[in-house]
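J.: Here you go, one structure.
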Amino acid sequence: MPHPIDVIVGKRIRLRRLQLSLSQTDLGQKLGVAFQQVQKYEKGTNRVSCSRLYEISKILDVPVTYFFSASGDAGIEVAVAEQFDVPELKDGFRLMSAFRQIQNNAVRKNIISLVETVATAAKADAAT
């Protein structure tokens, strides 16, 4: 089982990489490792060494503390992203990014209502 800190660091690497529209291959090339290694870092399967985390922070243009600070200190995206499992993170980030672009409060409320309705229906379907 990966250590919870390794999972958090991995999620934050993935979130920032997605924010910059970098693929795992792109990040791996900049680090001199295969995309599979980046994948393992992001899942928390492999721990990131201090020197490697320093390199990652430079490539992703964030301070090393970004990977360890409290969720609120790192920004709303990190706080929300930490609620997702790794496979869900990309979709969650896309949804959150698109939602932030909607200026109309009525439209925002309607979207929230729609998503809650669909989620409730899906939960009911899964229970049957």
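Labels used: A, B, ... for chains in the order of the structure tokens, numbers from 1 for residues in each chain, and numbers from 1 for ligands as shown.
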Determine, counting only C-alpha atoms, which protein, DNA and RNA residues have an atom within 12 Å of an atom of segment 32-47 of chain A; residues of the same chain fewer than 5 positions away are not included. Present the result as a short mmCIF file (atom, residue, chain, number, x, y, z; two decimals) with C-alpha atoms, in the first residue's frame.

T.:
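The file below, part-v8.cif, is the result:
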data_model
loop_
_atom_site.label_atom_id
_atom_site.label_comp_id
_atom_site.auth_asym_id
_atom_site.auth_seq_id
_atom_site.Cartn_x
_atom_site.Cartn_y
_atom_site.Cartn_z
CA MET A 1 0.00 0.00 0.00
CA PRO A 2 1.42 3.41 -0.89
CA HIS A 3 1.97 5.84 1.96
CA PRO A 4 -0.76 8.54 2.07
CA ILE A 5 1.85 11.30 1.68
CA ASP A 6 3.18 9.66 -1.49
CA VAL A 7 -0.37 9.56 -2.86
CA ILE A 8 -0.93 13.25 -2.08
CA VAL A 9 2.37 14.24 -3.68
CA GLY A 10 1.50 12.14 -6.72
CA LYS A 11 -1.93 13.73 -7.07
CA ARG A 12 -0.39 17.17 -6.89
CA ILE A 13 2.18 16.27 -9.54
CA ARG A 14 -0.63 15.03 -11.78
CA LEU A 15 -2.84 18.06 -11.13
CA ARG A 16 -0.09 20.54 -11.92
CA ARG A 17 0.99 18.57 -14.99
CA LEU A 18 -2.59 18.65 -16.28
CA LEU A 22 1.80 18.27 -20.22
CA SER A 23 1.51 14.57 -20.93
CA GLN A 24 3.23 11.99 -18.76
CA THR A 25 5.59 11.46 -21.69
CA ASP A 26 6.43 15.19 -21.81
CA LEU A 27 7.21 15.30 -18.10
CA ARG A 52 13.61 14.33 -8.19
CA LEU A 53 10.86 16.33 -6.49
CA GLU A 55 13.44 18.77 -10.51
CA ILE A 56 9.69 18.24 -10.87
CA ILE A 59 9.60 21.81 -14.51
CA PHE A 67 3.49 19.28 -2.84
CA PHE A 84 -10.67 12.39 -6.42
CA ASP A 85 -9.03 9.03 -6.95
CA VAL A 86 -6.17 9.18 -9.46
CA PRO A 87 -8.20 7.82 -12.45
CA GLU A 88 -10.94 10.41 -11.80
CA LEU A 89 -8.57 13.34 -11.43
CA LYS A 90 -8.34 14.28 -15.11
#

J.: Just give me the gap between atom CA of Leu60 of chain A and atom CA of Ala98 of chain A in Å, one decimal is fine.

T.: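 A separation of 21.4 Å between them.
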
J.: Rounded to one decimal place, report the atom CA of Ser113 of chain A-atom CA of Ser97 of chain A distance in Å.

T.: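 Value for the atom CA of Ser113 of chain A-atom CA of Ser97 of chain A distance: 17.7 Å.
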
J.: How many Å lie between atom CA of Thr65 of chain A and atom CA of Phe99 of chain A, rounded to one decimal?

T.: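 One can read the atom CA of Thr65 of chain A to atom CA of Phe99 of chain A distance as 27.2 Å.
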
J.: For Tyr54 of chain A, which of A:Gln19, A:Leu95, A:Leu31, A:Thr128 is the closest residue, counting only C-alpha atoms?

T.: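 Once distances to Tyr54 of chain A are computed over only C-alpha atoms, the minimum belongs to A:Leu31.
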